[in-house]
Amino acid sequence: MTPSPASPPLENAYRRILGIRFFVGGAPEAVAIGASGGLVVVPAAPALLELGRDAAYRRALLGADLAITDSGFLVLLWNLMKWDHIQRVSGLEYLKLLLQRPGFFAPGETLWVMPSPAALERHLAWVKSRGDSLRREDCYVAPKYGGQVADDVLVDWVNARRPRHIIIGLGGGVQEKLGWYLKHRCAGRPAIHCIGAAIGFLNGDQVWIPRWADQWRLGWLFRCAANPGRFVPRYFKALQLPLLLWKYHSRLPDLRVET
């Protein structure tokens with residue numbers, strides 16, 4: 001097993017990349033910060049291209065309390081361009097550590113936002129298989145959101161039950177907008193984890209990714225092999241990221257089209 005690099009001092013644990021303040025410390029430190037409350041985002045390389053095209057997505061990332069560098073491609077490009085040595089903070093590792101927190105599966109502690117009834121059933125079965133228990137009433141199947149991501153039914157649910165953690169298992173670009181919406185409408189300060197793909201990797205809703213593949217930034221290859229029609233175009237699109245990063249570096253990309 002390849003050891004993780006030592007975490008940088010806290011004052012050096014952030015980098016401003018494309019206008020977003022990314023945490024570049026270790027996964028345990030990221031979980032400690034994220035679990036304390038607020039919005040956690042894990043933007044993938046293809047989604048980062050939307051910073052200059054999608055005002056709502058841009059607002060969500062700028063308004064996050066914690067953004068982690070799950071994109072190995074982004075980290076590689078940044079280190080090459082800046083002669084830096086930041087580390088990748090794996091979203092999958094983040095979620096695994098989050099699940100290990102004492103009392104995490106206690107009734108009412110969490111709310112899981114799932115993309116479909118089938119995904120919910122797979123998730124419940126997976127939680128049971130690992131020896132934990134999760135009540136069906138602590139899960140929520142999200143509707144198909146349109147251009148404006150809003151869900152007052154979910155807001156009312158959260159305000160009535162006050163879960164400490166909200167884990168959003170939707171697709172990138174949607175989950176961040178929903179997380180931002182909840183952050184600004186839910187009472188208290190729940191920890192909102194926009195960690196969609198990682199949930200699917202664990203519960204079988206998406207292709208399984210071995211630990212070594214996650215460490216070596218090869219998760220994209222497994223996803224492309226499992227579903228080339230869906231993921232090959234997505235990751236091919238990410239090849240635009242070097243040009244965007246070269247142009248803007250630490251600055252927020254210009255917003256060209258507001259949607």
# chains A, B, ... in the order shown; residues from 1 in each chain; ligands from 1
$ residues_around --residues "range 84-89 of chain A" --least-positions-apart "5" --cutoff "6 Å" --atoms "only C-alpha atoms" --output "PyMOL selection string"
chain A and resi 24+27+68-70+79
$ residues_around --residues "Lys82 in chain A" --least-positions-apart "4" --cutoff "9 Å" --atoms "only C-alpha atoms" --output "MDAnalysis selection string"
chainID A and resid 77:78 249
$ residues_around --residues "range 109-121 of chain A" --least-positions-apart "3" --cutoff "7 Å" --atoms "only C-alpha atoms" --output "ChimeraX atom specification"
/A:104-106,124-125,138-142,163-170,205
$ write_last_selection --atoms "N, CA and C atoms" --output "CSV table (one decimal), in the first residue's frame"
chain,number,residue,atom,x,y,z
A,104,PHE,N,-22.5,7.1,13.5
A,104,PHE,CA,-22.9,7.6,12.2
A,104,PHE,C,-24.3,7.0,11.7
A,105,PHE,N,-24.5,5.8,12.0
A,105,PHE,CA,-25.7,5.1,11.5
A,105,PHE,C,-26.8,5.0,12.5
A,106,ALA,N,-26.6,5.8,13.6
A,106,ALA,CA,-27.7,5.9,14.6
A,106,ALA,C,-29.0,6.5,14.0
A,124,LEU,N,-29.6,0.2,0.9
A,124,LEU,CA,-30.1,-0.4,2.2
A,124,LEU,C,-29.5,-1.8,2.3
A,125,ALA,N,-29.5,-2.5,1.2
A,125,ALA,CA,-28.9,-3.9,1.3
A,125,ALA,C,-27.4,-3.8,1.6
A,138,ASP,N,-34.9,7.3,7.0
A,138,ASP,CA,-33.8,8.1,7.0
A,138,ASP,C,-33.2,8.3,5.6
A,139,CYS,N,-34.0,7.9,4.6
A,139,CYS,CA,-33.5,8.0,3.2
A,139,CYS,C,-34.6,8.8,2.4
A,140,TYR,N,-34.2,9.4,1.3
A,140,TYR,CA,-35.1,10.3,0.5
A,140,TYR,C,-34.7,10.0,-1.0
A,141,VAL,N,-35.7,9.7,-1.8
A,141,VAL,CA,-35.5,9.6,-3.2
A,141,VAL,C,-35.7,10.9,-3.9
A,142,ALA,N,-34.7,11.5,-4.5
A,142,ALA,CA,-34.9,12.8,-5.1
A,142,ALA,C,-35.7,12.7,-6.4
A,163,PRO,N,-31.4,16.1,10.9
A,163,PRO,CA,-30.3,15.1,10.9
A,163,PRO,C,-28.9,15.9,11.0
A,164,ARG,N,-27.9,15.3,11.6
A,164,ARG,CA,-26.6,15.9,11.7
A,164,ARG,C,-25.9,15.9,10.3
A,165,HIS,N,-26.1,14.8,9.5
A,165,HIS,CA,-25.4,14.7,8.3
A,165,HIS,C,-26.5,14.5,7.1
A,166,ILE,N,-26.3,15.1,6.0
A,166,ILE,CA,-27.0,14.9,4.8
A,166,ILE,C,-26.1,14.5,3.7
A,167,ILE,N,-26.2,13.2,3.3
A,167,ILE,CA,-25.3,12.7,2.3
A,167,ILE,C,-26.1,12.6,0.9
A,168,ILE,N,-25.6,13.4,0.0
A,168,ILE,CA,-26.3,13.5,-1.3
A,168,ILE,C,-25.6,12.6,-2.4
A,169,GLY,N,-26.4,11.7,-2.9
A,169,GLY,CA,-25.8,10.7,-3.8
A,169,GLY,C,-26.3,10.9,-5.2
A,170,LEU,N,-26.4,12.1,-5.7
A,170,LEU,CA,-26.8,12.5,-7.0
A,170,LEU,C,-25.6,12.7,-7.9
A,205,ASP,N,-24.0,0.6,-6.9
A,205,ASP,CA,-24.8,1.4,-7.9
A,205,ASP,C,-23.9,1.8,-9.1
$ atom_distance --atom1 "CA of Pro46 in chain A" --atom2 "CA of Tyr14 in chain A"
21.4 Å
$ closest_residue --among "A:Arg185, A:Lys177, A:Lys144, A:Arg16" --to "Asn159 in chain A" --atoms "only C-alpha atoms"
A:Arg185
$ select_by_dssp --residues "range 40-196 of chain A" --states "helix (DSSP H, G or I)" --output "ChimeraX atom specification"
/A:45-52,55-62,72-82,91-99,117-129,136-138,152-161,175-183,196
$ atom_distance --atom1 "CA of Ala197 in chain A" --atom2 "CA of Gly171 in chain A"
7.0 Å
$ residues_around --residues "Val149 in chain A" --least-positions-apart "6" --cutoff "9 Å" --atoms "only C-alpha atoms" --output "PyMOL selection string"
chain A and resi 56+174-175+177-178+181
$ select_by_dssp --residues "range 37-246 of chain A" --states "strand (DSSP E or B)" --output "list of chain:residue names"
A:Gly38, A:Leu39, A:Val40, A:Val41, A:Leu66, A:Ala67, A:Ile68, A:Thr110, A:Leu111, A:Trp112, A:Val113, A:Met114, A:Cys139, A:Tyr140, A:Val141, A:His165, A:Ile166, A:Ile167, A:Ile168, A:Ala191, A:Ile192, A:His193, A:Cys194
$ write_last_selection --atoms "N, CA and C atoms" --output "compact mmCIF listing (two decimals), in the first residue's frame"
# COMPACT_ATOMS: atom_id res chain seq x y z
N GLY A 38 -21.89 22.41 7.43
CA GLY A 38 -21.68 23.19 6.22
C GLY A 38 -21.71 22.33 4.98
N LEU A 39 -21.41 22.95 3.86
CA LEU A 39 -21.50 22.30 2.55
C LEU A 39 -20.15 21.80 2.09
N VAL A 40 -20.07 20.50 1.77
CA VAL A 40 -18.86 19.87 1.27
C VAL A 40 -19.09 19.49 -0.20
N VAL A 41 -18.17 19.90 -1.08
CA VAL A 41 -18.27 19.58 -2.50
C VAL A 41 -17.01 18.85 -2.95
N LEU A 66 -16.29 23.55 2.30
CA LEU A 66 -15.13 22.69 2.07
C LEU A 66 -15.20 22.13 0.66
N ALA A 67 -14.14 22.33 -0.12
CA ALA A 67 -14.01 21.72 -1.45
C ALA A 67 -12.74 20.88 -1.42
N ILE A 68 -12.84 19.62 -1.82
CA ILE A 68 -11.67 18.76 -1.78
C ILE A 68 -11.23 18.37 -3.19
N THR A 110 -28.48 10.63 10.16
CA THR A 110 -28.17 10.95 8.77
C THR A 110 -29.44 10.97 7.92
N LEU A 111 -29.33 11.67 6.81
CA LEU A 111 -30.32 11.60 5.74
C LEU A 111 -29.56 11.31 4.45
N TRP A 112 -29.99 10.26 3.76
CA TRP A 112 -29.35 9.87 2.50
C TRP A 112 -30.27 10.26 1.35
N VAL A 113 -29.78 11.09 0.45
CA VAL A 113 -30.55 11.51 -0.71
C VAL A 113 -30.09 10.67 -1.90
N MET A 114 -30.98 9.81 -2.39
CA MET A 114 -30.63 8.84 -3.42
C MET A 114 -31.29 9.20 -4.75
N CYS A 139 -33.97 7.91 4.56
CA CYS A 139 -33.55 8.03 3.16
C CYS A 139 -34.61 8.80 2.37
N TYR A 140 -34.17 9.43 1.30
CA TYR A 140 -35.06 10.25 0.49
C TYR A 140 -34.70 10.04 -0.98
N VAL A 141 -35.69 9.70 -1.79
CA VAL A 141 -35.46 9.56 -3.22
C VAL A 141 -35.75 10.90 -3.88
N HIS A 165 -26.12 14.84 9.54
CA HIS A 165 -25.44 14.70 8.25
C HIS A 165 -26.47 14.48 7.14
N ILE A 166 -26.26 15.15 6.01
CA ILE A 166 -27.04 14.92 4.80
C ILE A 166 -26.07 14.45 3.73
N ILE A 167 -26.23 13.24 3.26
CA ILE A 167 -25.33 12.68 2.25
C ILE A 167 -26.08 12.64 0.93
N ILE A 168 -25.61 13.40 -0.04
CA ILE A 168 -26.29 13.52 -1.32
C ILE A 168 -25.61 12.64 -2.35
N ALA A 191 -24.18 19.00 8.30
CA ALA A 191 -23.07 18.74 7.38
C ALA A 191 -23.66 18.13 6.12
N ILE A 192 -23.50 18.83 4.99
CA ILE A 192 -24.08 18.41 3.72
C ILE A 192 -22.94 17.91 2.82
N HIS A 193 -22.90 16.62 2.59
CA HIS A 193 -21.80 16.01 1.86
C HIS A 193 -22.26 15.66 0.44
N CYS A 194 -21.77 16.40 -0.56
CA CYS A 194 -22.10 16.12 -1.96
C CYS A 194 -21.07 15.14 -2.51
$ atom_distance --atom1 "CA of Ser90 in chain A" --atom2 "CA of Gly179 in chain A"
19.3 Å
$ closest_residue --among "A:Ile20, A:Val75, A:Leu98, A:Val127" --to "Pro253 in chain A" --atoms "only C-alpha atoms"
A:Ile20
$ residues_around --residues "Leu49 in chain A" --least-positions-apart "2" --cutoff "10 Å" --atoms "only C-alpha atoms" --output "list in words"
Leu18, Ala44, Ala45, Pro46, Ala47, Leu51, Gly52, Arg53, Asp54, Arg58, Lys237, Ala238, Leu239, Gln240, Leu241, Leu244, Leu245 and Pro253 of chain A
$ closest_residue --among "A:Leu182, A:Ala60, A:Ile17, A:Met81" --to "Leu154 in chain A" --atoms "only C-alpha atoms"
A:Leu182
$ closest_residue --among "A:Tyr57, A:Ile199, A:Trp246, A:Ser71" --to "His123 in chain A" --atoms "only C-alpha atoms"
A:Ile199
